[in-house]
Amino acid sequence: MVQRNQTAEDSSPLIKWLPEDQWIDGSPADSQLSRYSAGSFRLTTTNGAYAQFSFNGTGVWIYGAKRGNHGPYRCNVDGNDRPIQSGYSASDQISTELCSAPNLKMGSHTIKITNLQTDPNLPYLDVDYIIWETKISDQATLPSVVYDDADSTNIRYTPPGEWSVNACQNMAAYSSSSCHVTGSNTAKAALTFEGDAIAVYGGVGPQYGPYAVRLDDQDPVSFTANSTNSHTQQILYFASGLGAGNHTVVINNNPASIGNQLDIDFIQVLGGGIPYDAQSGSSGSTSSGGGSKVGPIVGAVVGVIGLIAIIGAA
């Protein structure tokens with residue numbers, strides 16, 4: 001297996017912010033905003049508010065800031081509390097490591113960072129981005145493939161009349177300056193592919209809403225692309241450890257209110273052509289204790305720097 005680093009910016013739907021109404025986007029008036037990755041971060045001043053990220057992999061790192069108005073916080077990995085840490089720094093440290101959990105056993109994990117502020121002068125906790133390490137099969141025989149949204153031969157948009165082409169805001173910021181967008185609650189985008197990992201990219205912002213993703217015959221996983229500020233080329237879904245053969249991913253728009261949108265920018269497939277092991281009856285995908293196969297790695301399973309260098313960490 002080949003280790004890969006993935007990145008989820010603070011604006012990615014893969015990160016859960018709880019309670020949702022206690023987290024806000026960093027202010028454009030913040031003098032340090034441009035120093036954060038992708039020029040954005042999310043913050044809270046509420047004691048007990050936390051950010052949570054679930055993944056399958058071998059390591060995870062949370063980055064944020066330590067500043068003069070930041071207070072104590074705690075990291076928790078797989079239900080185990082880590083020692084309380086201080087977010088205070090007399091000089092601003094932007095995009096610095098706040099939590100880390102390397103050298104984990106390959107499998108499902110959850111990391112959480114919680115604001116523990118008790119001093120009204122030090123109320124802040126902010127999160128910039130999260131990196132997690134996972135594994136992709138090294139038995140792949142096909143190159144990685146990027147399917148642009150305009151590839152309607154491979155990406156099936158249904159019903160066709162419910163999707164608009166190149167009607168997203170800030171089109172120049174989209175890959176190939178193109179997108180497919182819908183506001184319909186019956187709209188779906190589907191791709192059948194051969195590969196060990198898949199990543200779906202699109203936009204987030206105030207005009208977007210909930211959506212669900214189904215991989216093969218698994219239960220759908222729900223997310224929301226709603227965000228105070230607009231961002232393009234965000235990772236909306238990620239899965240790996242899929243194994244040999246064809247797979248199908250279906251993305252459904254599930255608007256919470258009339259007009260909530262979903263857009264597709266591009267889809268990347270990695271690690272294709274994994275040979276089937278006839279003797280063991282399995283592909284070369286990751287396995288864990290007892291010989292059982294590790295389930296597909298789904299972005300925010302309950303909820304790429306090395307893998308997909310499209311969203312780079314600053």
# chains A, B, ... in the order shown; residues from 1 in each chain; ligands from 1

$ residues_around --residues "Tyr129 (chain A)" --least-positions-apart "3" --cutoff "6 Å" --atoms "only C-alpha atoms" --output "list in words"
Ala8, Glu9, Asp10 and Tyr63 of chain A

$ residues_around --residues "Tyr211 (chain A)" --least-positions-apart "3" --cutoff "12 Å" --atoms "only C-alpha atoms" --output "VMD selection string"
chain A and resid 13 to 14 182 to 189 202 204 208 214 220 to 226 236 to 237 250 to 256 260 to 264

$ select_by_dssp --residues "region 171-267 of chain A" --states "strand (DSSP E)" --output "PyMOL selection string"
chain A and resi 180-182+188-194+197-204+210-215+221-224+231-240+246-253+262-264+266-267

$ closest_residue --among "A:Phe238, A:Gly71, A:Gly243, A:Ser230" --to "Asn170 (chain A)" --atoms "only C-alpha atoms"
A:Ser230

$ residues_around --residues "Asp149 (chain A)" --least-positions-apart "3" --cutoff "12 Å" --atoms "only C-alpha atoms" --output "number ranges by chain"
A: 146, 152-157, 163-166, 174-181, 189-191, 200-202, 233, 263-268

$ residues_around --residues "Asp138 (chain A)" --least-positions-apart "5" --cutoff "8 Å" --atoms "only C-alpha atoms" --output "ChimeraX atom specification"
/A:1-2,271

$ select_by_dssp --residues "region 74-260 of chain A" --states "helix (DSSP H, G or I)" --output "PyMOL selection string"
chain A and resi 160-162+171-173+175-177

$ write_last_selection --atoms "N, CA, C and O atoms" --output "PDB file, in the first residue's frame"
ATOM      1  N   PRO A 160     -31.538  15.401 -17.256  1.00  0.00           N
ATOM      2  CA  PRO A 160     -30.665  16.356 -17.957  1.00  0.00           C
ATOM      3  C   PRO A 160     -31.167  17.795 -17.889  1.00  0.00           C
ATOM      4  O   PRO A 160     -30.367  18.731 -17.781  1.00  0.00           O
ATOM      5  N   GLY A 161     -32.485  17.971 -17.922  1.00  0.00           N
ATOM      6  CA  GLY A 161     -33.037  19.321 -17.919  1.00  0.00           C
ATOM      7  C   GLY A 161     -32.949  20.034 -16.589  1.00  0.00           C
ATOM      8  O   GLY A 161     -33.245  21.239 -16.503  1.00  0.00           O
ATOM      9  N   GLU A 162     -32.535  19.301 -15.523  1.00  0.00           N
ATOM     10  CA  GLU A 162     -32.426  19.908 -14.194  1.00  0.00           C
ATOM     11  C   GLU A 162     -31.016  20.393 -13.875  1.00  0.00           C
ATOM     12  O   GLU A 162     -30.752  20.857 -12.777  1.00  0.00           O
ATOM     13  N   MET A 171     -16.989  31.675 -12.171  1.00  0.00           N
ATOM     14  CA  MET A 171     -16.634  30.563 -13.042  1.00  0.00           C
ATOM     15  C   MET A 171     -15.132  30.436 -13.262  1.00  0.00           C
ATOM     16  O   MET A 171     -14.608  29.325 -13.404  1.00  0.00           O
ATOM     17  N   ALA A 172     -14.408  31.543 -13.267  1.00  0.00           N
ATOM     18  CA  ALA A 172     -12.972  31.499 -13.537  1.00  0.00           C
ATOM     19  C   ALA A 172     -12.213  30.713 -12.479  1.00  0.00           C
ATOM     20  O   ALA A 172     -11.094  30.243 -12.726  1.00  0.00           O
ATOM     21  N   ALA A 173     -12.806  30.551 -11.290  1.00  0.00           N
ATOM     22  CA  ALA A 173     -12.133  29.839 -10.204  1.00  0.00           C
ATOM     23  C   ALA A 173     -12.360  28.337 -10.269  1.00  0.00           C
ATOM     24  O   ALA A 173     -11.762  27.589  -9.489  1.00  0.00           O
ATOM     25  N   SER A 175     -12.141  24.549 -12.010  1.00  0.00           N
ATOM     26  CA  SER A 175     -11.228  23.827 -12.883  1.00  0.00           C
ATOM     27  C   SER A 175     -11.770  23.856 -14.311  1.00  0.00           C
ATOM     28  O   SER A 175     -12.951  23.574 -14.540  1.00  0.00           O
ATOM     29  N   SER A 176     -10.924  24.199 -15.255  1.00  0.00           N
ATOM     30  CA  SER A 176     -11.301  24.324 -16.669  1.00  0.00           C
ATOM     31  C   SER A 176     -12.391  25.367 -16.879  1.00  0.00           C
ATOM     32  O   SER A 176     -13.024  25.408 -17.931  1.00  0.00           O
ATOM     33  N   SER A 177     -12.642  26.212 -15.867  1.00  0.00           N
ATOM     34  CA  SER A 177     -13.662  27.269 -15.940  1.00  0.00           C
ATOM     35  C   SER A 177     -15.017  26.721 -16.364  1.00  0.00           C
ATOM     36  O   SER A 177     -15.740  27.317 -17.157  1.00  0.00           O
TER      37      SER A 177
END
